[in-house]
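Below is one structure, written out as structure tokens; comments come after it.
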Amino acid sequence: MCATGVRARGGVRALLADPRTDVNRTWMFSDFTALHFAVWTGYDDIVRLFLKCPRVDVNRVDNIQGTILGTITLLGDKRIDVNVLTLGGETALCKSARSNNTFGVRLLLAHPRIQIHLGTQSILHFALPWATKAVMETLLEDKRIDVNLVDKEQRTALHLAAYLGRIDVIQLLLDRDDTDVEKLDGDGLSARGLALSNYPEFARCFTIKKIVENKG
């Protein structure tokens, strides 16, 4: 860990070559290994050294987000499970979206083995409470996104956006042809109904959408 911290490539290489070295030993936190530390610091050259060592557990979960540079290096390794869950039950994509890491979201969406949704819930449900409009736009650009998936309360992303007062996301979703505006949640409410209850000023967006559809 010390050799990693000072970016001593020779020291790290020598330690990794020694079979007595516990390459997966944790430090400071119960889930924080030297590989996590290298990713967190952005030392991609050190990350590459760890990835070359067959004894390193590349899919060991931690709860600390690394740098973009470290993420790029990790995603290039075929052993990496890009869909592994963190201790908090999130995938890397969920965590990147929640952390407003637009570049990380794009990298992960481009990965051939990425799972867009977690169970029956949409990635949009996880991102909505925290993600900026830019992150939401990035997610919605992906053709694999199903905007009508529901959470355990039978709410779609549009329901959640209306509940949270995310007018920016409401408009993004209403601009799509595949958004089911009339879908009811577990309480029998439409997204417009939720908006009327919590943010009446936003409800007119749904009215405008309906008028446009009727004219079409």
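Each chain of the structure tokens is named A, B, ... in the order shown, its residues numbered from 1; ligands are numbered from 1 in display order.
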Shell of 8 Å around region 133-149 of chain A, only C-alpha atoms, local chain residues under 2 positions omitted, as a JSON list (two decimals) with all heavy atoms, in the first residue's frame:
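File produced: selection38.json:
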[["chain", "number", "residue", "atom", "x", "y", "z"],
["A", 97, "ALA", "N", -23.73, 7.52, -12.41],
["A", 97, "ALA", "CA", -24.86, 8.41, -12.70],
["A", 97, "ALA", "C", -25.22, 9.23, -11.47],
["A", 97, "ALA", "O", -25.45, 10.44, -11.56],
["A", 97, "ALA", "CB", -26.06, 7.59, -13.16],
["A", 100, "ASN", "N", -22.89, 12.06, -10.86],
["A", 100, "ASN", "CA", -22.81, 13.03, -11.96],
["A", 100, "ASN", "C", -21.50, 12.94, -12.73],
["A", 100, "ASN", "O", -20.94, 13.95, -13.16],
["A", 100, "ASN", "CB", -23.02, 14.46, -11.43],
["A", 100, "ASN", "CG", -24.45, 14.68, -11.00],
["A", 100, "ASN", "OD1", -25.38, 14.33, -11.72],
["A", 100, "ASN", "ND2", -24.65, 15.24, -9.82],
["A", 101, "ASN", "N", -21.02, 11.72, -12.89],
["A", 101, "ASN", "CA", -19.81, 11.46, -13.66],
["A", 101, "ASN", "C", -20.24, 11.13, -15.09],
["A", 101, "ASN", "O", -20.35, 9.97, -15.48],
["A", 101, "ASN", "CB", -19.03, 10.30, -13.04],
["A", 101, "ASN", "CG", -17.72, 10.02, -13.75],
["A", 101, "ASN", "OD1", -17.45, 10.56, -14.82],
["A", 101, "ASN", "ND2", -16.90, 9.18, -13.15],
["A", 102, "THR", "N", -20.50, 12.16, -15.88],
["A", 102, "THR", "CA", -21.01, 11.97, -17.24],
["A", 102, "THR", "C", -20.05, 11.16, -18.10],
["A", 102, "THR", "O", -20.48, 10.28, -18.86],
["A", 102, "THR", "CB", -21.27, 13.34, -17.91],
["A", 102, "THR", "OG1", -22.11, 14.13, -17.07],
["A", 102, "THR", "CG2", -21.96, 13.16, -19.26],
["A", 105, "VAL", "N", -20.26, 7.57, -17.12],
["A", 105, "VAL", "CA", -21.51, 6.98, -17.61],
["A", 105, "VAL", "C", -21.36, 6.59, -19.08],
["A", 105, "VAL", "O", -21.77, 5.50, -19.50],
["A", 105, "VAL", "CB", -22.69, 7.97, -17.44],
["A", 105, "VAL", "CG1", -23.92, 7.48, -18.19],
["A", 105, "VAL", "CG2", -23.01, 8.14, -15.96],
["A", 106, "ARG", "N", -20.76, 7.47, -19.87],
["A", 106, "ARG", "CA", -20.56, 7.18, -21.30],
["A", 106, "ARG", "C", -19.64, 5.97, -21.49],
["A", 106, "ARG", "O", -19.88, 5.11, -22.34],
["A", 106, "ARG", "CB", -19.98, 8.40, -22.01],
["A", 106, "ARG", "CG", -20.96, 9.55, -22.17],
["A", 106, "ARG", "CD", -20.41, 10.63, -23.09],
["A", 106, "ARG", "NE", -21.30, 11.76, -23.16],
["A", 106, "ARG", "CZ", -22.38, 11.81, -23.94],
["A", 106, "ARG", "NH1", -22.68, 10.79, -24.72],
["A", 106, "ARG", "NH2", -23.14, 12.89, -23.96],
["A", 109, "LEU", "N", -21.63, 2.81, -20.53],
["A", 109, "LEU", "CA", -22.67, 2.49, -21.51],
["A", 109, "LEU", "C", -22.08, 1.88, -22.78],
["A", 109, "LEU", "O", -22.74, 1.10, -23.47],
["A", 109, "LEU", "CB", -23.47, 3.75, -21.87],
["A", 109, "LEU", "CG", -24.43, 4.29, -20.81],
["A", 109, "LEU", "CD1", -25.05, 5.60, -21.27],
["A", 109, "LEU", "CD2", -25.52, 3.27, -20.49],
["A", 116, "ILE", "N", -27.89, -2.35, -18.38],
["A", 116, "ILE", "CA", -28.45, -1.01, -18.25],
["A", 116, "ILE", "C", -29.34, -0.89, -17.02],
["A", 116, "ILE", "O", -29.32, 0.12, -16.31],
["A", 116, "ILE", "CB", -29.27, -0.63, -19.50],
["A", 116, "ILE", "CG1", -28.38, -0.70, -20.75],
["A", 116, "ILE", "CG2", -29.86, 0.76, -19.35],
["A", 116, "ILE", "CD1", -27.25, 0.28, -20.75],
["A", 117, "HIS", "N", -30.12, -1.92, -16.76],
["A", 117, "HIS", "CA", -31.08, -1.86, -15.67],
["A", 117, "HIS", "C", -30.71, -2.83, -14.56],
["A", 117, "HIS", "O", -30.01, -3.82, -14.79],
["A", 117, "HIS", "CB", -32.49, -2.15, -16.19],
["A", 117, "HIS", "CG", -32.90, -1.26, -17.31],
["A", 117, "HIS", "ND1", -32.99, 0.11, -17.18],
["A", 117, "HIS", "CD2", -33.20, -1.52, -18.61],
["A", 117, "HIS", "CE1", -33.35, 0.65, -18.33],
["A", 117, "HIS", "NE2", -33.48, -0.32, -19.22],
["A", 120, "THR", "N", -35.83, -5.12, -12.18],
["A", 120, "THR", "CA", -36.93, -4.54, -12.95],
["A", 120, "THR", "C", -36.86, -3.02, -12.97],
["A", 120, "THR", "O", -37.64, -2.38, -13.67],
["A", 120, "THR", "CB", -38.28, -4.97, -12.34],
["A", 120, "THR", "OG1", -38.35, -4.52, -10.98],
["A", 120, "THR", "CG2", -38.44, -6.48, -12.39],
["A", 121, "GLN", "N", -35.95, -2.46, -12.18],
["A", 121, "GLN", "CA", -35.86, -1.00, -12.11],
["A", 121, "GLN", "C", -34.95, -0.45, -13.20],
["A", 121, "GLN", "O", -33.95, -1.06, -13.57],
["A", 121, "GLN", "CB", -35.34, -0.56, -10.75],
["A", 121, "GLN", "CG", -36.31, -0.83, -9.61],
["A", 121, "GLN", "CD", -35.90, -0.11, -8.34],
["A", 121, "GLN", "OE1", -35.96, 1.10, -8.26],
["A", 121, "GLN", "NE2", -35.47, -0.87, -7.36],
["A", 122, "SER", "N", -35.29, 0.72, -13.65],
["A", 122, "SER", "CA", -34.49, 1.41, -14.66],
["A", 122, "SER", "C", -33.33, 2.14, -13.99],
["A", 122, "SER", "O", -33.42, 2.57, -12.84],
["A", 122, "SER", "CB", -35.38, 2.40, -15.41],
["A", 122, "SER", "OG", -34.60, 3.29, -16.18],
["A", 124, "LEU", "N", -32.67, 4.92, -14.66],
["A", 124, "LEU", "CA", -33.22, 6.26, -14.48],
["A", 124, "LEU", "C", -33.73, 6.46, -13.05],
["A", 124, "LEU", "O", -33.62, 7.55, -12.49],
["A", 124, "LEU", "CB", -34.35, 6.52, -15.48],
["A", 124, "LEU", "CG", -33.99, 6.39, -16.96],
["A", 124, "LEU", "CD1", -35.23, 6.58, -17.82],
["A", 124, "LEU", "CD2", -32.91, 7.39, -17.35],
["A", 127, "ALA", "N", -30.74, 7.22, -10.89],
["A", 127, "ALA", "CA", -30.07, 8.48, -11.20],
["A", 127, "ALA", "C", -30.89, 9.71, -10.83],
["A", 127, "ALA", "O", -30.34, 10.74, -10.41],
["A", 127, "ALA", "CB", -29.72, 8.52, -12.69],
["A", 128, "LEU", "N", -32.20, 9.62, -10.98],
["A", 128, "LEU", "CA", -33.07, 10.80, -10.88],
["A", 128, "LEU", "C", -32.91, 11.67, -9.64],
["A", 128, "LEU", "O", -32.87, 12.90, -9.76],
["A", 128, "LEU", "CB", -34.54, 10.36, -11.00],
["A", 128, "LEU", "CG", -35.19, 10.68, -12.34],
["A", 128, "LEU", "CD1", -36.50, 9.94, -12.51],
["A", 128, "LEU", "CD2", -35.43, 12.18, -12.46],
["A", 131, "ALA", "N", -28.86, 13.02, -10.22],
["A", 131, "ALA", "CA", -28.18, 13.29, -11.49],
["A", 131, "ALA", "C", -28.58, 14.62, -12.09],
["A", 131, "ALA", "O", -29.74, 15.05, -12.00],
["A", 131, "ALA", "CB", -28.48, 12.17, -12.49],
["A", 151, "ASP", "N", -40.61, 0.89, -10.67],
["A", 151, "ASP", "CA", -39.94, 0.47, -9.45],
["A", 151, "ASP", "C", -40.92, -0.33, -8.59],
["A", 151, "ASP", "O", -42.01, -0.70, -9.04],
["A", 151, "ASP", "CB", -39.37, 1.68, -8.70],
["A", 151, "ASP", "CG", -40.45, 2.68, -8.29],
["A", 151, "ASP", "OD1", -41.66, 2.33, -8.35],
["A", 151, "ASP", "OD2", -40.10, 3.81, -7.90],
["A", 155, "ARG", "N", -43.84, 2.94, -10.10],
["A", 155, "ARG", "CA", -43.62, 4.27, -10.66],
["A", 155, "ARG", "C", -42.60, 4.22, -11.78],
["A", 155, "ARG", "O", -41.54, 3.61, -11.64],
["A", 155, "ARG", "CB", -43.15, 5.25, -9.58],
["A", 155, "ARG", "CG", -44.21, 5.58, -8.55],
["A", 155, "ARG", "CD", -43.70, 6.58, -7.52],
["A", 155, "ARG", "NE", -44.75, 6.97, -6.60],
["A", 155, "ARG", "CZ", -44.58, 7.83, -5.59],
["A", 155, "ARG", "NH1", -43.39, 8.38, -5.39],
["A", 155, "ARG", "NH2", -45.59, 8.13, -4.80],
["A", 156, "THR", "N", -42.91, 4.87, -12.87],
["A", 156, "THR", "CA", -41.96, 5.01, -13.96],
["A", 156, "THR", "C", -41.02, 6.17, -13.65],
["A", 156, "THR", "O", -41.18, 6.88, -12.65],
["A", 156, "THR", "CB", -42.68, 5.30, -15.29],
["A", 156, "THR", "OG1", -43.34, 6.58, -15.18],
["A", 156, "THR", "CG2", -43.71, 4.22, -15.61],
["A", 157, "ALA", "N", -40.05, 6.38, -14.53],
["A", 157, "ALA", "CA", -39.14, 7.51, -14.35],
["A", 157, "ALA", "C", -39.92, 8.83, -14.40],
["A", 157, "ALA", "O", -39.59, 9.78, -13.68],
["A", 157, "ALA", "CB", -38.07, 7.49, -15.44],
["A", 158, "LEU", "N", -40.96, 8.88, -15.21],
["A", 158, "LEU", "CA", -41.77, 10.09, -15.30],
["A", 158, "LEU", "C", -42.52, 10.34, -13.99],
["A", 158, "LEU", "O", -42.62, 11.48, -13.52],
["A", 158, "LEU", "CB", -42.77, 9.98, -16.46],
["A", 158, "LEU", "CG", -43.61, 11.23, -16.75],
["A", 158, "LEU", "CD1", -42.72, 12.43, -17.08],
["A", 158, "LEU", "CD2", -44.58, 10.97, -17.90],
["A", 168, "ASP", "N", -36.86, 19.58, -15.41],
["A", 168, "ASP", "CA", -35.94, 19.37, -16.53],
["A", 168, "ASP", "C", -36.05, 17.95, -17.08],
["A", 168, "ASP", "O", -36.07, 17.74, -18.30],
["A", 168, "ASP", "CB", -34.49, 19.66, -16.10],
["A", 168, "ASP", "CG", -34.07, 18.89, -14.85],
["A", 168, "ASP", "OD1", -34.96, 18.42, -14.11],
["A", 168, "ASP", "OD2", -32.85, 18.76, -14.62],
["A", 169, "VAL", "N", -36.19, 16.98, -16.17],
["A", 169, "VAL", "CA", -36.31, 15.59, -16.60],
["A", 169, "VAL", "C", -37.72, 15.31, -17.14],
["A", 169, "VAL", "O", -37.89, 14.54, -18.08],
["A", 169, "VAL", "CB", -35.97, 14.63, -15.44],
["A", 169, "VAL", "CG1", -36.10, 13.17, -15.89],
["A", 169, "VAL", "CG2", -34.57, 14.90, -14.92],
["A", 172, "LEU", "N", -37.65, 16.31, -20.65],
["A", 172, "LEU", "CA", -36.89, 15.36, -21.46],
["A", 172, "LEU", "C", -37.73, 14.13, -21.78],
["A", 172, "LEU", "O", -37.72, 13.63, -22.92],
["A", 172, "LEU", "CB", -35.62, 14.93, -20.72],
["A", 172, "LEU", "CG", -34.48, 15.94, -20.60],
["A", 172, "LEU", "CD1", -33.37, 15.38, -19.72],
["A", 172, "LEU", "CD2", -33.92, 16.28, -21.98],
["A", 173, "LEU", "N", -38.45, 13.64, -20.79],
["A", 173, "LEU", "CA", -39.25, 12.44, -20.97],
["A", 173, "LEU", "C", -40.49, 12.70, -21.83],
["A", 173, "LEU", "O", -40.88, 11.86, -22.65],
["A", 173, "LEU", "CB", -39.66, 11.87, -19.61],
["A", 173, "LEU", "CG", -38.52, 11.26, -18.79],
["A", 173, "LEU", "CD1", -38.95, 11.02, -17.35],
["A", 173, "LEU", "CD2", -38.04, 9.96, -19.42],
["A", 178, "ASP", "N", -41.86, 7.44, -26.83],
["A", 178, "ASP", "CA", -42.10, 6.15, -26.18],
["A", 178, "ASP", "C", -42.46, 6.27, -24.70],
["A", 178, "ASP", "O", -42.64, 5.26, -24.02],
["A", 178, "ASP", "CB", -40.89, 5.24, -26.33],
["A", 178, "ASP", "CG", -39.61, 5.85, -25.76],
["A", 178, "ASP", "OD1", -39.58, 7.08, -25.54],
["A", 178, "ASP", "OD2", -38.64, 5.10, -25.53],
["A", 179, "THR", "N", -42.58, 7.49, -24.18],
["A", 179, "THR", "CA", -42.94, 7.67, -22.77],
["A", 179, "THR", "C", -44.44, 7.48, -22.58],
["A", 179, "THR", "O", -45.25, 8.15, -23.24],
["A", 179, "THR", "CB", -42.54, 9.08, -22.28],
["A", 179, "THR", "OG1", -41.12, 9.23, -22.41],
["A", 179, "THR", "CG2", -42.92, 9.27, -20.82],
["A", 180, "ASP", "N", -44.81, 6.57, -21.69],
["A", 180, "ASP", "CA", -46.22, 6.31, -21.40],
["A", 180, "ASP", "C", -46.70, 7.31, -20.35],
["A", 180, "ASP", "O", -46.49, 7.13, -19.15],
["A", 180, "ASP", "CB", -46.39, 4.88, -20.89],
["A", 180, "ASP", "CG", -47.86, 4.48, -20.73],
["A", 180, "ASP", "OD1", -48.72, 5.38, -20.83],
["A", 180, "ASP", "OD2", -48.13, 3.29, -20.48]]
Near Cys205 (chain A), within 12 Å and counting only C-alpha atoms, which residues show up once chain neighbours fewer than 4 positions away are dropped, as a ChimeraX atom specification? /A:158,162,166-175,181,191-192,195-196,199-201,209-212
Identify, on the basis of only C-alpha atoms, every residue whose closest approach to Cys2 (chain A) does not exceed 12 Å; exclude the query and any residue fewer than 2 positions from it along the same chain; express the result as a list in words. Thr4, Gly5, Val6, Arg7, Ala8, Arg9, Gly11, Val12, Leu15, Trp27, Thr33, Ala34, Leu35, Phe37 and Ala38 of chain A
May I have the residues within 10 Å of Leu16 (chain A) as a ChimeraX atom specification, using only C-alpha atoms and disregarding those fewer than 3 positions away in the same chain? /A:10-13,19-23,49-50,52-56
Save the residues we just selected, N, CA, C and O atoms, as a PDB file, in the first residue's frame?
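File again29.pdb, as written:
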ATOM      1  N   GLY A  10       8.711   0.273  -9.243  1.00  0.00           N
ATOM      2  CA  GLY A  10       9.644  -0.823  -8.991  1.00  0.00           C
ATOM      3  C   GLY A  10       9.294  -1.581  -7.725  1.00  0.00           C
ATOM      4  O   GLY A  10       9.333  -2.820  -7.690  1.00  0.00           O
ATOM      5  N   GLY A  11       8.945  -0.843  -6.685  1.00  0.00           N
ATOM      6  CA  GLY A  11       8.576  -1.471  -5.424  1.00  0.00           C
ATOM      7  C   GLY A  11       7.304  -2.290  -5.552  1.00  0.00           C
ATOM      8  O   GLY A  11       7.212  -3.410  -5.036  1.00  0.00           O
ATOM      9  N   VAL A  12       6.313  -1.738  -6.245  1.00  0.00           N
ATOM     10  CA  VAL A  12       5.052  -2.453  -6.445  1.00  0.00           C
ATOM     11  C   VAL A  12       5.293  -3.716  -7.257  1.00  0.00           C
ATOM     12  O   VAL A  12       4.779  -4.798  -6.935  1.00  0.00           O
ATOM     13  N   ARG A  13       6.105  -3.594  -8.311  1.00  0.00           N
ATOM     14  CA  ARG A  13       6.398  -4.749  -9.171  1.00  0.00           C
ATOM     15  C   ARG A  13       7.081  -5.865  -8.374  1.00  0.00           C
ATOM     16  O   ARG A  13       6.749  -7.047  -8.519  1.00  0.00           O
ATOM     17  N   PRO A  19       5.514 -14.183  -3.873  1.00  0.00           N
ATOM     18  CA  PRO A  19       4.306 -14.958  -3.537  1.00  0.00           C
ATOM     19  C   PRO A  19       3.859 -14.795  -2.084  1.00  0.00           C
ATOM     20  O   PRO A  19       2.723 -15.125  -1.744  1.00  0.00           O
ATOM     21  N   ARG A  20       4.737 -14.275  -1.241  1.00  0.00           N
ATOM     22  CA  ARG A  20       4.366 -14.079   0.165  1.00  0.00           C
ATOM     23  C   ARG A  20       3.521 -12.819   0.369  1.00  0.00           C
ATOM     24  O   ARG A  20       2.908 -12.642   1.424  1.00  0.00           O
ATOM     25  N   THR A  21       3.491 -11.963  -0.623  1.00  0.00           N
ATOM     26  CA  THR A  21       2.740 -10.714  -0.502  1.00  0.00           C
ATOM     27  C   THR A  21       1.242 -10.971  -0.628  1.00  0.00           C
ATOM     28  O   THR A  21       0.791 -11.590  -1.599  1.00  0.00           O
ATOM     29  N   ASP A  22       0.498 -10.501   0.345  1.00  0.00           N
ATOM     30  CA  ASP A  22      -0.965 -10.593   0.284  1.00  0.00           C
ATOM     31  C   ASP A  22      -1.465  -9.408  -0.545  1.00  0.00           C
ATOM     32  O   ASP A  22      -1.634  -8.303  -0.032  1.00  0.00           O
ATOM     33  N   VAL A  23      -1.675  -9.653  -1.824  1.00  0.00           N
ATOM     34  CA  VAL A  23      -2.006  -8.555  -2.743  1.00  0.00           C
ATOM     35  C   VAL A  23      -3.426  -8.028  -2.548  1.00  0.00           C
ATOM     36  O   VAL A  23      -3.771  -6.964  -3.068  1.00  0.00           O
ATOM     37  N   LEU A  49      -0.075  -2.602 -13.339  1.00  0.00           N
ATOM     38  CA  LEU A  49       0.789  -3.591 -12.687  1.00  0.00           C
ATOM     39  C   LEU A  49      -0.051  -4.577 -11.875  1.00  0.00           C
ATOM     40  O   LEU A  49       0.184  -5.790 -11.910  1.00  0.00           O
ATOM     41  N   PHE A  50      -1.028  -4.053 -11.155  1.00  0.00           N
ATOM     42  CA  PHE A  50      -1.898  -4.925 -10.364  1.00  0.00           C
ATOM     43  C   PHE A  50      -2.703  -5.860 -11.263  1.00  0.00           C
ATOM     44  O   PHE A  50      -2.891  -7.038 -10.946  1.00  0.00           O
ATOM     45  N   LYS A  52      -1.887  -7.133 -13.988  1.00  0.00           N
ATOM     46  CA  LYS A  52      -1.039  -8.188 -14.557  1.00  0.00           C
ATOM     47  C   LYS A  52      -0.795  -9.327 -13.573  1.00  0.00           C
ATOM     48  O   LYS A  52      -0.336 -10.399 -13.968  1.00  0.00           O
ATOM     49  N   CYS A  53      -1.092  -9.087 -12.311  1.00  0.00           N
ATOM     50  CA  CYS A  53      -0.860 -10.102 -11.281  1.00  0.00           C
ATOM     51  C   CYS A  53      -2.095 -11.001 -11.161  1.00  0.00           C
ATOM     52  O   CYS A  53      -3.178 -10.522 -10.817  1.00  0.00           O
ATOM     53  N   PRO A  54      -1.970 -12.294 -11.424  1.00  0.00           N
ATOM     54  CA  PRO A  54      -3.139 -13.188 -11.389  1.00  0.00           C
ATOM     55  C   PRO A  54      -3.743 -13.370  -9.999  1.00  0.00           C
ATOM     56  O   PRO A  54      -4.880 -13.828  -9.874  1.00  0.00           O
ATOM     57  N   ARG A  55      -3.000 -12.995  -8.953  1.00  0.00           N
ATOM     58  CA  ARG A  55      -3.508 -13.177  -7.593  1.00  0.00           C
ATOM     59  C   ARG A  55      -4.405 -12.021  -7.144  1.00  0.00           C
ATOM     60  O   ARG A  55      -5.078 -12.123  -6.114  1.00  0.00           O
ATOM     61  N   VAL A  56      -4.416 -10.949  -7.900  1.00  0.00           N
ATOM     62  CA  VAL A  56      -5.212  -9.779  -7.522  1.00  0.00           C
ATOM     63  C   VAL A  56      -6.689 -10.027  -7.816  1.00  0.00           C
ATOM     64  O   VAL A  56      -7.048 -10.441  -8.918  1.00  0.00           O
TER      65      VAL A  56
END
Considering only C-alpha atoms, return as a list in words whatever protein or nucleic-acid residues lie within 9 Å of Leu93 (chain A), sequence-local ones (same chain, fewer than 3 positions apart) excluded.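 Surrounding residues, per the criterion: Val82, Asn83, Glu90, Ser96, Ala97, Arg98, Gly104, Val105, Leu108, Leu109, Ile114, Gln115, Ile116 and Ile123 of chain A.
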Distance CA of Tyr43 (chain A)-CA of Arg60 (chain A), one decimal place? 18.2 Å
Residue with the minimum atom-to-atom distance to Ala3 (chain A), picked from A:Leu85, A:Ala92, A:Ala110, A:Ile46 with only C-alpha atoms counted, is A:Ile46
Nearest candidate to Gln154 (chain A) (options A:Trp130, A:Ser190, A:Val47, A:Asp177; using only C-alpha atoms):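 Checking each candidate against Gln154 (chain A), we get A:Ser190 as the closest.
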A:Ile80, A:Val150, A:Val39, A:Leu184 ranked by distance to Asn59 (chain A), top pick (using only C-alpha atoms):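 Selected residue with least distance to Asn59 (chain A): A:Ile80.
Nearest residue to Arg113 (chain A) among A:Gly193, A:Gly76, A:Pro129, A:Gly186 is A:Gly76, counting only C-alpha atoms.
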Give the alpha helix (DSSP H) residues of region 4-214 of chain A, as DSSP finds them on the backbone, and put them as a ChimeraX atom specification. /A:4-5,9-17,34-41,44-52,68-75,92-98,102-109,123-127,133-141,157-164,167-174,191-198,203-214
note - CA of Phe32 (chain A) and CA of Gly88 (chain A) are separated by 14.6 Å
